[in-house]
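One file, protein-v7.csv, carrying CSV, C-alpha atoms and all ligand atoms:
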chain,number,residue,atom,x,y,z
A,49,MET,CA,-184.3,-153.3,-190.8
A,50,HIS,CA,-186.8,-152.0,-188.2
A,51,GLU,CA,-189.7,-152.4,-190.6
A,52,LEU,CA,-189.7,-156.1,-189.7
A,53,ALA,CA,-190.2,-155.5,-186.0
A,54,ILE,CA,-192.8,-152.8,-186.6
A,55,THR,CA,-194.7,-155.1,-189.0
A,56,GLU,CA,-194.6,-157.8,-186.3
A,57,SER,CA,-196.3,-155.4,-183.9
A,58,LEU,CA,-198.8,-154.5,-186.6
A,59,VAL,CA,-199.8,-158.2,-187.1
A,60,ASP,CA,-199.9,-158.7,-183.3
A,61,LEU,CA,-202.2,-155.7,-182.9
A,62,VAL,CA,-204.5,-156.9,-185.6
A,63,ALA,CA,-204.6,-160.4,-184.3
A,64,GLU,CA,-205.5,-159.1,-180.8
A,65,ARG,CA,-208.4,-157.0,-182.2
A,66,THR,CA,-209.8,-159.7,-184.5
A,67,VAL,CA,-209.3,-162.9,-182.5
A,68,GLY,CA,-209.1,-165.6,-185.2
A,69,ARG,CA,-211.5,-163.9,-187.7
A,70,ARG,CA,-210.3,-163.9,-191.3
A,71,VAL,CA,-208.8,-160.6,-192.3
A,72,VAL,CA,-209.2,-159.3,-195.9
A,73,ALA,CA,-207.3,-156.0,-195.6
A,74,VAL,CA,-205.4,-153.9,-193.1
A,75,THR,CA,-205.1,-150.1,-193.5
A,76,VAL,CA,-202.1,-148.3,-191.9
A,77,ARG,CA,-201.1,-144.7,-192.0
A,78,VAL,CA,-197.4,-144.0,-192.5
A,79,GLY,CA,-196.0,-140.5,-192.2
A,80,ASP,CA,-193.1,-139.4,-194.4
A,81,ALA,CA,-191.1,-138.5,-191.3
A,82,SER,CA,-192.0,-141.7,-189.4
A,83,GLY,CA,-188.7,-143.5,-190.3
A,84,VAL,CA,-190.7,-146.3,-192.0
A,85,VAL,CA,-190.4,-147.2,-195.7
A,86,PRO,CA,-193.9,-148.3,-196.9
A,87,GLU,CA,-192.3,-150.7,-199.5
A,88,ALA,CA,-190.2,-152.4,-196.9
A,89,MET,CA,-193.3,-152.7,-194.7
A,90,ALA,CA,-195.3,-154.2,-197.5
A,91,PHE,CA,-192.5,-156.7,-198.1
A,92,CYS,CA,-192.4,-157.7,-194.5
A,93,PHE,CA,-196.2,-157.9,-194.1
A,94,ASP,CA,-196.6,-160.9,-196.5
A,95,VAL,CA,-193.9,-162.8,-194.6
A,96,VAL,CA,-195.1,-162.0,-191.1
A,97,ALA,CA,-198.8,-162.5,-191.9
A,98,ALA,CA,-198.3,-166.0,-193.4
A,99,GLU,CA,-199.7,-168.7,-191.2
A,100,THR,CA,-201.8,-166.3,-189.2
A,101,PRO,CA,-205.5,-165.3,-189.7
A,102,LEU,CA,-204.0,-162.4,-191.7
A,103,ALA,CA,-202.5,-164.6,-194.4
A,104,GLY,CA,-203.3,-163.3,-197.8
A,105,ALA,CA,-204.7,-160.0,-196.5
A,106,ALA,CA,-204.0,-156.9,-198.4
A,107,LEU,CA,-201.9,-154.1,-196.8
A,108,VAL,CA,-203.2,-150.6,-197.7
A,109,VAL,CA,-200.8,-147.9,-196.8
A,110,GLU,CA,-202.1,-144.3,-196.6
A,111,GLU,CA,-199.0,-142.1,-196.9
A,112,CYS,CA,-199.2,-138.7,-195.1
A,113,ALA,CA,-196.9,-135.9,-193.9
A,114,GLY,CA,-195.5,-136.1,-190.4
A,115,ASP,CA,-194.3,-138.8,-188.1
A,116,ASP,CA,-197.6,-140.7,-187.7
A,117,LEU,CA,-197.4,-144.5,-187.7
A,118,ALA,CA,-200.8,-146.0,-187.0
A,119,LEU,CA,-203.2,-148.9,-187.6
A,120,VAL,CA,-206.3,-147.2,-189.1
A,121,SER,CA,-208.7,-150.0,-189.8
A,122,VAL,CA,-209.2,-153.7,-190.5
A,123,GLU,CA,-211.5,-155.2,-193.1
A,124,LEU,CA,-213.0,-158.6,-191.9
A,125,VAL,CA,-215.1,-161.3,-193.5
A,126,ARG,CA,-218.6,-161.0,-191.9
A,127,GLU,CA,-219.2,-164.0,-189.7
A,128,GLU,CA,-222.7,-164.8,-191.0
A,129,SER,CA,-221.5,-165.0,-194.6
A,130,CYS,CA,-222.6,-168.7,-194.9
A,131,ALA,CA,-226.3,-168.6,-195.1
B,172,MET,CA,-216.8,-173.7,-201.6
B,173,CYS,CA,-217.6,-171.6,-198.6
B,174,LEU,CA,-214.4,-171.2,-196.7
B,175,THR,CA,-216.1,-170.6,-193.4
B,176,CYS,CA,-218.0,-173.9,-193.0
B,177,GLY,CA,-217.4,-175.9,-196.2
B,178,CYS,CA,-221.1,-176.0,-197.0
B,179,GLY,CA,-220.6,-176.0,-200.8
B,180,ASP,CA,-222.1,-172.6,-201.5
B,181,ALA,CA,-220.1,-170.3,-203.7
B,182,PRO,CA,-218.6,-167.4,-201.7
B,183,ALA,CA,-219.9,-165.0,-204.4
B,184,THR,CA,-221.7,-162.9,-201.8
B,185,GLU,CA,-219.0,-163.1,-199.1
B,186,THR,CA,-219.4,-159.7,-197.4
B,187,THR,CA,-216.9,-157.9,-195.4
B,188,GLU,CA,-217.1,-155.2,-192.7
B,189,THR,CA,-214.5,-152.6,-191.8
B,190,VAL,CA,-213.6,-152.1,-188.2
B,191,LEU,CA,-211.9,-148.8,-187.2
B,192,VAL,CA,-209.0,-149.2,-184.9
B,193,GLU,CA,-206.8,-146.1,-184.8
B,194,GLU,CA,-203.9,-147.2,-182.7
B,195,ARG,CA,-200.2,-146.3,-182.9
B,196,LEU,CA,-198.2,-149.2,-184.4
B,197,LEU,CA,-195.7,-149.0,-181.6
B,198,ALA,CA,-198.3,-148.8,-178.9
B,199,LYS,CA,-197.3,-152.0,-177.2
B,200,ASN,CA,-193.6,-151.0,-177.1
B,201,ASP,CA,-194.5,-147.5,-175.9
B,202,ARG,CA,-196.8,-148.9,-173.1
B,203,LEU,CA,-194.0,-151.2,-171.9
B,204,ALA,CA,-191.4,-148.4,-172.1
B,205,GLU,CA,-193.7,-146.2,-169.9
B,206,HIS,CA,-193.9,-149.1,-167.4
B,207,VAL,CA,-190.1,-149.3,-167.4
B,208,ARG,CA,-189.8,-145.5,-167.0
B,209,ASP,CA,-192.3,-145.5,-164.1
B,210,SER,CA,-190.7,-148.4,-162.2
B,211,LEU,CA,-187.2,-146.9,-162.6
B,212,ALA,CA,-188.4,-143.5,-161.4
B,213,ALA,CA,-190.0,-145.2,-158.3
B,214,ARG,CA,-186.5,-146.5,-157.5
B,215,GLU,CA,-184.8,-143.2,-158.4
B,216,ILE,CA,-182.8,-144.9,-161.1
B,217,THR,CA,-181.6,-142.7,-164.0
B,218,ALA,CA,-181.6,-144.4,-167.3
B,219,LEU,CA,-179.8,-143.3,-170.5
B,220,ASN,CA,-180.0,-144.8,-174.0
B,221,LEU,CA,-176.7,-144.6,-175.8
B,222,MET,CA,-176.9,-144.9,-179.6
B,223,SER,CA,-174.2,-144.6,-182.3
B,224,SER,CA,-172.9,-146.2,-185.4
B,225,PRO,CA,-170.7,-149.3,-184.7
B,226,GLY,CA,-167.4,-148.3,-183.1
B,227,ALA,CA,-168.0,-144.6,-182.2
B,228,GLY,CA,-166.9,-145.4,-178.7
B,229,LYS,CA,-170.0,-146.1,-176.6
B,230,THR,CA,-168.4,-148.9,-174.6
B,231,SER,CA,-165.1,-147.0,-174.2
B,232,LEU,CA,-167.1,-144.0,-172.9
B,233,LEU,CA,-168.9,-146.3,-170.4
B,234,GLU,CA,-165.7,-148.0,-169.2
B,235,ARG,CA,-164.2,-144.6,-168.5
B,236,THR,CA,-167.5,-143.4,-166.8
B,237,VAL,CA,-167.5,-146.5,-164.6
B,238,ALA,CA,-163.9,-145.9,-163.5
B,239,ASP,CA,-164.5,-142.1,-162.9
B,240,LEU,CA,-167.9,-142.2,-161.2
B,241,ALA,CA,-167.7,-145.4,-159.1
B,242,TRP,CA,-167.0,-143.3,-156.0
B,243,ARG,CA,-170.3,-141.6,-156.1
B,244,HIS,CA,-172.7,-143.7,-158.3
B,245,THR,CA,-173.6,-147.3,-158.7
B,246,VAL,CA,-173.3,-147.8,-162.4
B,247,CYS,CA,-175.2,-150.6,-164.2
B,248,VAL,CA,-175.2,-151.4,-167.9
B,249,ILE,CA,-177.4,-153.2,-170.3
B,250,GLU,CA,-175.4,-154.0,-173.4
B,251,GLY,CA,-177.1,-154.6,-176.8
B,252,ASP,CA,-175.3,-156.4,-179.6
B,253,GLN,CA,-176.3,-158.8,-182.3
B,254,GLU,CA,-173.8,-161.4,-181.0
B,255,THR,CA,-171.1,-161.9,-178.4
B,256,SER,CA,-170.8,-160.7,-174.8
B,257,PHE,CA,-167.6,-158.7,-175.5
B,258,ASP,CA,-169.1,-155.4,-174.3
B,259,ALA,CA,-170.7,-156.7,-171.1
B,260,ASP,CA,-167.3,-158.4,-170.3
B,261,ARG,CA,-165.5,-155.1,-170.8
B,262,ILE,CA,-168.0,-153.3,-168.5
B,263,ARG,CA,-167.6,-156.0,-165.8
B,264,ARG,CA,-163.8,-155.7,-166.1
B,265,ALA,CA,-164.2,-152.0,-165.6
B,266,GLY,CA,-166.0,-152.7,-162.3
B,267,ALA,CA,-169.7,-152.4,-163.0
B,268,ARG,CA,-172.7,-154.8,-163.2
B,269,ALA,CA,-173.7,-155.6,-166.8
B,270,VAL,CA,-176.2,-157.8,-168.6
B,271,GLN,CA,-175.6,-158.6,-172.3
B,272,VAL,CA,-178.7,-158.8,-174.6
B,273,ASN,CA,-178.1,-160.4,-178.0
B,274,THR,CA,-180.6,-159.4,-180.6
B,275,GLY,CA,-179.6,-162.1,-183.2
B,276,ALA,CA,-180.9,-160.8,-186.5
B,277,GLY,CA,-182.4,-157.7,-184.8
B,278,CYS,CA,-180.8,-154.3,-185.4
B,279,HIS,CA,-182.1,-152.5,-182.3
B,280,LEU,CA,-183.2,-152.9,-178.7
B,281,ASP,CA,-186.9,-152.7,-177.8
B,282,ALA,CA,-188.7,-152.0,-174.5
B,283,ALA,CA,-189.4,-155.7,-174.0
B,284,MET,CA,-185.7,-156.6,-174.1
B,285,VAL,CA,-184.8,-153.9,-171.7
B,286,HIS,CA,-187.7,-155.0,-169.4
B,287,ARG,CA,-186.4,-158.6,-169.3
B,288,ALA,CA,-182.8,-157.5,-168.8
B,289,LEU,CA,-183.8,-155.3,-165.9
B,290,HIS,CA,-185.2,-158.3,-164.1
B,291,GLU,CA,-181.8,-160.0,-164.4
B,292,LEU,CA,-179.7,-156.8,-163.7
B,293,ASP,CA,-181.9,-155.6,-160.8
B,294,PRO,CA,-180.1,-152.2,-160.4
B,295,PRO,CA,-180.2,-150.8,-156.8
B,296,THR,CA,-182.1,-147.7,-155.8
B,297,GLY,CA,-180.4,-144.5,-157.0
B,298,ALA,CA,-178.3,-146.3,-159.7
B,299,LEU,CA,-177.1,-144.8,-162.9
B,300,LEU,CA,-178.3,-147.1,-165.7
B,301,PHE,CA,-176.9,-147.1,-169.2
B,302,VAL,CA,-178.4,-148.9,-172.1
B,303,GLU,CA,-175.9,-149.3,-174.9
B,304,ASN,CA,-178.0,-149.9,-178.0
B,305,VAL,CA,-176.9,-152.0,-181.0
B,306,GLY,CA,-174.4,-150.0,-183.2
B,307,ASN,CA,-176.7,-148.5,-185.8
B,308,LEU,CA,-177.8,-144.9,-186.6
B,309,VAL,CA,-181.2,-145.9,-188.1
B,310,CYS,CA,-183.4,-148.4,-186.3
B,311,PRO,CA,-182.8,-147.7,-182.6
B,312,ALA,CA,-184.1,-144.1,-183.1
B,313,LEU,CA,-187.7,-145.4,-183.3
B,314,PHE,CA,-187.9,-147.4,-180.1
B,315,ASP,CA,-188.6,-145.9,-176.7
B,316,LEU,CA,-186.8,-148.0,-174.1
B,317,GLY,CA,-188.1,-146.2,-171.0
B,318,GLU,CA,-184.9,-144.1,-170.7
B,319,ARG,CA,-184.8,-140.6,-169.3
B,320,ALA,CA,-182.5,-139.3,-172.0
B,321,LYS,CA,-181.2,-140.3,-175.4
B,322,VAL,CA,-177.5,-139.8,-176.1
B,323,VAL,CA,-176.2,-140.0,-179.7
B,324,VAL,CA,-172.4,-140.6,-180.0
B,325,VAL,CA,-170.5,-140.0,-183.2
B,326,SER,CA,-166.7,-140.0,-183.7
B,327,VAL,CA,-164.8,-137.5,-185.8
B,328,THR,CA,-163.6,-140.3,-188.2
B,329,GLU,CA,-167.2,-140.8,-189.4
B,330,GLY,CA,-167.4,-137.4,-191.1
B,331,ASP,CA,-169.3,-134.3,-190.2
B,332,ASP,CA,-172.3,-134.9,-192.5
B,333,LYS,CA,-174.0,-137.6,-190.4
B,334,PRO,CA,-176.9,-135.5,-188.9
B,335,LEU,CA,-178.5,-134.7,-192.3
B,336,LYS,CA,-177.9,-138.3,-193.4
B,337,TYR,CA,-179.6,-139.8,-190.3
B,338,PRO,CA,-182.2,-137.2,-189.4
B,339,HIS,CA,-184.4,-139.5,-187.3
B,340,MET,CA,-181.5,-140.4,-184.9
B,341,PHE,CA,-180.4,-136.8,-184.5
B,342,GLY,CA,-184.0,-135.6,-184.2
B,343,VAL,CA,-184.5,-137.5,-181.0
B,344,ALA,CA,-181.1,-136.7,-179.3
B,345,ASP,CA,-181.0,-135.1,-175.9
B,346,LEU,CA,-177.2,-134.9,-176.1
B,347,VAL,CA,-174.9,-135.4,-179.0
B,348,VAL,CA,-171.3,-136.5,-178.0
B,349,VAL,CA,-168.6,-136.1,-180.6
B,350,ASN,CA,-165.9,-138.6,-179.6
B,351,LYS,CA,-162.3,-139.1,-180.6
B,352,THR,CA,-161.4,-135.4,-180.7
B,353,ASP,CA,-157.8,-136.5,-180.2
B,354,LEU,CA,-158.0,-137.5,-183.9
B,355,LEU,CA,-159.2,-134.1,-185.2
B,356,PRO,CA,-155.7,-133.2,-186.6
B,357,TYR,CA,-155.8,-136.2,-188.9
B,358,VAL,CA,-159.4,-135.8,-190.3
B,359,ASP,CA,-161.4,-133.0,-192.0
B,360,PHE,CA,-164.3,-133.1,-189.5
B,361,ASP,CA,-165.8,-129.5,-189.3
B,362,LEU,CA,-167.3,-129.2,-185.8
B,363,ALA,CA,-169.2,-126.0,-186.5
B,364,ARG,CA,-170.8,-127.5,-189.6
B,365,PHE,CA,-171.7,-130.6,-187.6
B,366,GLU,CA,-173.3,-128.6,-184.8
B,367,GLU,CA,-175.3,-126.5,-187.2
B,368,GLN,CA,-176.8,-129.6,-188.8
B,369,ALA,CA,-177.5,-131.3,-185.5
B,370,ARG,CA,-179.3,-128.2,-184.2
B,371,ALA,CA,-181.3,-127.9,-187.4
B,372,LEU,CA,-182.8,-131.3,-186.5
B,373,ARG,CA,-183.0,-130.9,-182.8
B,374,PRO,CA,-183.1,-127.2,-181.9
B,375,GLY,CA,-181.0,-126.3,-178.9
B,376,VAL,CA,-179.4,-129.7,-178.5
B,377,GLU,CA,-176.1,-129.7,-176.7
B,378,VAL,CA,-173.2,-130.9,-178.8
B,379,LEU,CA,-170.3,-132.1,-176.7
B,380,PRO,CA,-166.9,-132.8,-178.3
B,381,LEU,CA,-164.7,-135.0,-176.1
B,382,SER,CA,-162.0,-137.7,-176.2
B,383,VAL,CA,-162.4,-140.8,-174.2
B,384,ARG,CA,-158.8,-141.6,-175.0
B,385,THR,CA,-157.3,-138.4,-173.5
B,386,GLY,CA,-160.1,-137.4,-171.2
B,387,GLU,CA,-160.6,-134.0,-172.9
B,388,ASN,CA,-164.0,-132.5,-171.9
B,389,VAL,CA,-165.2,-135.7,-170.1
B,390,GLU,CA,-166.1,-133.5,-167.1
B,391,HIS,CA,-168.9,-132.0,-169.2
B,392,TRP,CA,-170.2,-135.5,-169.8
B,393,TYR,CA,-170.3,-136.1,-166.1
B,394,ALA,CA,-172.1,-132.7,-165.6
B,395,PHE,CA,-174.7,-133.8,-168.1
B,396,LEU,CA,-175.2,-137.1,-166.2
B,397,GLU,CA,-175.7,-135.2,-163.0
B,398,ASP,CA,-178.2,-132.9,-164.6
B,399,VAL,CA,-180.2,-135.8,-165.9
B,400,ALA,CA,-180.0,-137.6,-162.6
B,401,ALA,CA,-181.3,-134.4,-160.9
B,402,GLU,CA,-184.1,-134.4,-163.5
B,403,ARG,CA,-182.8,-131.1,-164.9
B,404,GLY,CA,-181.9,-133.0,-168.1
B,405,GLY,CA,-183.5,-135.5,-170.4
B,406,ALA,CA,-186.5,-134.2,-172.3
B,407,ALA,CA,-186.0,-130.8,-170.8
B,408,HIS,CA,-182.4,-130.7,-171.6
B,409,GLY,CA,-182.8,-129.5,-175.1
B,410,ALA,CA,-183.4,-126.1,-173.7
B,411,ARG,CA,-179.8,-125.8,-172.5
B,412,VAL,CA,-177.9,-124.6,-175.5
B,413,GLY,CA,-174.4,-126.0,-176.1
B,414,THR,CA,-171.2,-125.4,-174.1
C,1,LIG,N1,-158.4,-142.4,-180.8
C,1,LIG,C1,-159.5,-142.7,-180.1
C,1,LIG,N2,-160.0,-144.0,-180.2
C,1,LIG,C2,-161.1,-144.2,-179.4
C,1,LIG,C3,-161.7,-143.3,-178.6
C,1,LIG,N3,-162.8,-143.8,-178.0
C,1,LIG,C4,-162.8,-145.1,-178.4
C,1,LIG,N4,-161.8,-145.4,-179.3
C,1,LIG,C5,-161.6,-146.6,-180.0
C,1,LIG,O1,-162.6,-146.9,-180.9
C,1,LIG,C6,-162.8,-148.3,-181.0
C,1,LIG,C7,-164.3,-148.6,-180.8
C,1,LIG,O2,-164.6,-148.3,-179.5
C,1,LIG,P1,-165.9,-149.0,-178.8
C,1,LIG,O3,-166.0,-148.4,-177.4
C,1,LIG,O4,-165.8,-150.5,-178.8
C,1,LIG,O5,-167.1,-148.6,-179.7
C,1,LIG,P2,-168.6,-148.9,-179.6
C,1,LIG,O6,-169.4,-147.8,-180.0
C,1,LIG,O7,-168.9,-149.5,-178.2
C,1,LIG,O8,-168.7,-150.1,-180.7
C,1,LIG,P3,-170.0,-151.1,-180.9
C,1,LIG,O9,-170.5,-151.6,-179.6
C,1,LIG,O10,-169.3,-152.2,-181.7
C,1,LIG,O11,-171.0,-150.4,-181.7
C,1,LIG,C8,-161.9,-149.0,-180.0
C,1,LIG,O12,-160.7,-149.4,-180.7
C,1,LIG,C9,-161.6,-147.8,-179.1
C,1,LIG,O13,-160.3,-148.0,-178.4
C,1,LIG,C10,-161.1,-142.0,-178.5
C,1,LIG,O14,-161.5,-141.0,-177.8
C,1,LIG,N5,-160.0,-141.8,-179.3
C,2,MG,MG,-169.9,-151.3,-177.7
Have the structure of the file written as structure tokens, please.
Ligand SMILES: Nc1nc2c(ncn2[C@@H]2O[C@H](COP(=O)(O)OP(=O)(O)OP(=O)(O)O)[C@@H](O)[C@H]2O)c(=O)[nH]1
Ligand SMILES: [Mg+2]
Amino acid sequence: MHELAITESLVDLVAERTVGRRVVAVTVRVGDASGVVPEAMAFCFDVVAAETPLAGAALVVEECAGDDLALVSVELVREESCA
Amino acid sequence: MCLTCGCGDAPATETTETVLVEERLLAKNDRLAEHVRDSLAAREITALNLMSSPGAGKTSLLERTVADLAWRHTVCVIEGDQETSFDADRIRRAGARAVQVNTGAGCHLDAAMVHRALHELDPPTGALLFVENVGNLVCPALFDLGERAKVVVVSVTEGDDKPLKYPHMFGVADLVVVNKTDLLPYVDFDLARFEEQARALRPGVEVLPLSVRTGENVEHWYAFLEDVAAERGGAAHGARVGT
């Protein structure tokens, strides 16, 4: 199941971009010809994200036509949230 | 309680911000594959990625290739399997250098595995390098390994309907080898139907029926390798319509 390896690179990519900040949601774009099954990716995401700053984050999948397979955006908790 | 600093305030107003990223999910693999491709090109090494379902005859084809081409090429092989070093042992017995990569639970090779294996294999300048992927018609299709050409091998006992069932794999093929033609009299494999399906997914792709067992048509396989080595093949090879 290649979705596991692809989800691992997703989590790596997000971790690199957010360096330790708490992640609330991750949005990806998955094309219908990308070879990736969104349900399989969602299943892998919870497992791979556990025990990383992404733990508990929601995975939002935007399905589209074509072979696109991309990380779109990341929703983070604002750092000054504790007044 | 506030999760950030434990100050006791309710997180009722915890606000979030959205950061736009827009990066390909396989960006890391693809960057490493590009690095592999560049460093191989600098040493004039021709790399081919062989993919098929388990048992189509990838290792058999490579054993025969090593035996037939040793007089004019140094052949090196990276063997990918979940477990065992059976295939690397077979290649070494055939007379070529080989490194076995075991993927464990993994169902495909990625650029990082090939990169590591290359440090161990250290193919000489001008070598012909084959990467035998894990037997699987699904997952390996998505991972660029830094090869110059992707070869998909099927055997006639698998049935002629495989291209439409595994469109991603056939969609990336630079050459499709149909192996075990010596068994054609015993099965109902329709070569014309197969070719039509393969070309619907990869227009112009060369479909090459051969038998590793009897040697039928293997000279066309060697001609393809020479084309790729001379950079007439690979990505540009799709333009050369079948034999
Ligand atoms: N009849 C016949 N048998 C063949 C031919 N080529 C390979 N075989 C047999 O097919 C079986 C599988 O061949 P391998 O070369 O191990 O196949 P593979 O694709 O490397 O298999 P995996 O690495 O396990 O995915 C062996 O028993 C070979 O002897 C052929 O042209 N004709
Ligand atoms: Mg093999």
Using only C-alpha atoms, determine which residues of chain A fall within 8 Å of chain B; present them as an NGL selection string.
:A and (49-50 or 54 or 57-58 or 61 or 72 or 81 or 83 or 116-126 or 129-130)
Return as CSV the residues of chain B lying at most 8 Å from ligand MG 2 (chain C), together with the closest atom-to-atom pair for each and the distance in Å to one decimal, counting only C-alpha atoms and all ligand atoms, with rows in chain order and ascending residue number.
residue,atom,partner,partner_atom,distance
B:Pro225,CA,C:MG2,MG,7.3
B:Gly226,CA,C:MG2,MG,6.7
B:Gly228,CA,C:MG2,MG,6.7
B:Lys229,CA,C:MG2,MG,5.3
B:Thr230,CA,C:MG2,MG,4.2
B:Ser231,CA,C:MG2,MG,7.3
B:Glu250,CA,C:MG2,MG,7.5
B:Gly251,CA,C:MG2,MG,8.0
B:Asp252,CA,C:MG2,MG,7.7
B:Asp258,CA,C:MG2,MG,5.4
B:Glu303,CA,C:MG2,MG,6.9
B:Val305,CA,C:MG2,MG,7.8
B:Gly306,CA,C:MG2,MG,7.2
Would you name the residues within 10 Å of ligand LIG 1 (chain C), counting all atoms listed in the file, and put them as a ChimeraX atom specification?
/B:221-235,250-253,257-259,261,303-307,324-328,349-355,380-387
Can you tell me, as a list in words, what residues are no more than 12 Å from Glu111 in chain A when counting only C-alpha atoms, ignoring any on the same chain fewer than 6 positions away?
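Neighbouring residues, sequence-local ones excluded: Thr75, Val76, Arg77, Val78, Gly79, Asp80, Ala81, Ser82, Val84, Val85, Pro86, Glu87, Leu117, Ala118 and Val120 of chain A.
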Separation of CA of Phe93 in chain A from CA of Thr66 in chain A, in Å and rounded to one decimal
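Going from CA of Phe93 in chain A over to CA of Thr66 in chain A covers 16.7 Å.
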Gap from CA of Ser210 in chain B to CA of Val347 in chain B - Å, one decimal
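Separation between CA of Ser210 in chain B and CA of Val347 in chain B: 26.5 Å.
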Can you work out which one of B:Leu203, B:Leu379, B:Thr236, B:Pro334 has the shortest atom-to-atom distance to Arg364 in chain B, counting only C-alpha atoms?
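So, comparing all the options, the nearest one is B:Pro334.
Of the listed residues B:Arg373, B:His244, B:Arg202, B:Arg264, the one whose atoms come nearest to Ala282 in chain B is B:Arg202, with distances taken using all atoms listed in the file.
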Figure out the distance between CA of Val270 in chain B and CA of Thr255 in chain B, please, to one decimal in Å.
11.8 Å
Distance query 6 Å from (-213.5, -165.2, -190.7) using all atoms listed in the file, result as a list of chain:residue names:
A:Arg69, A:Arg70, A:Val125, A:Glu127
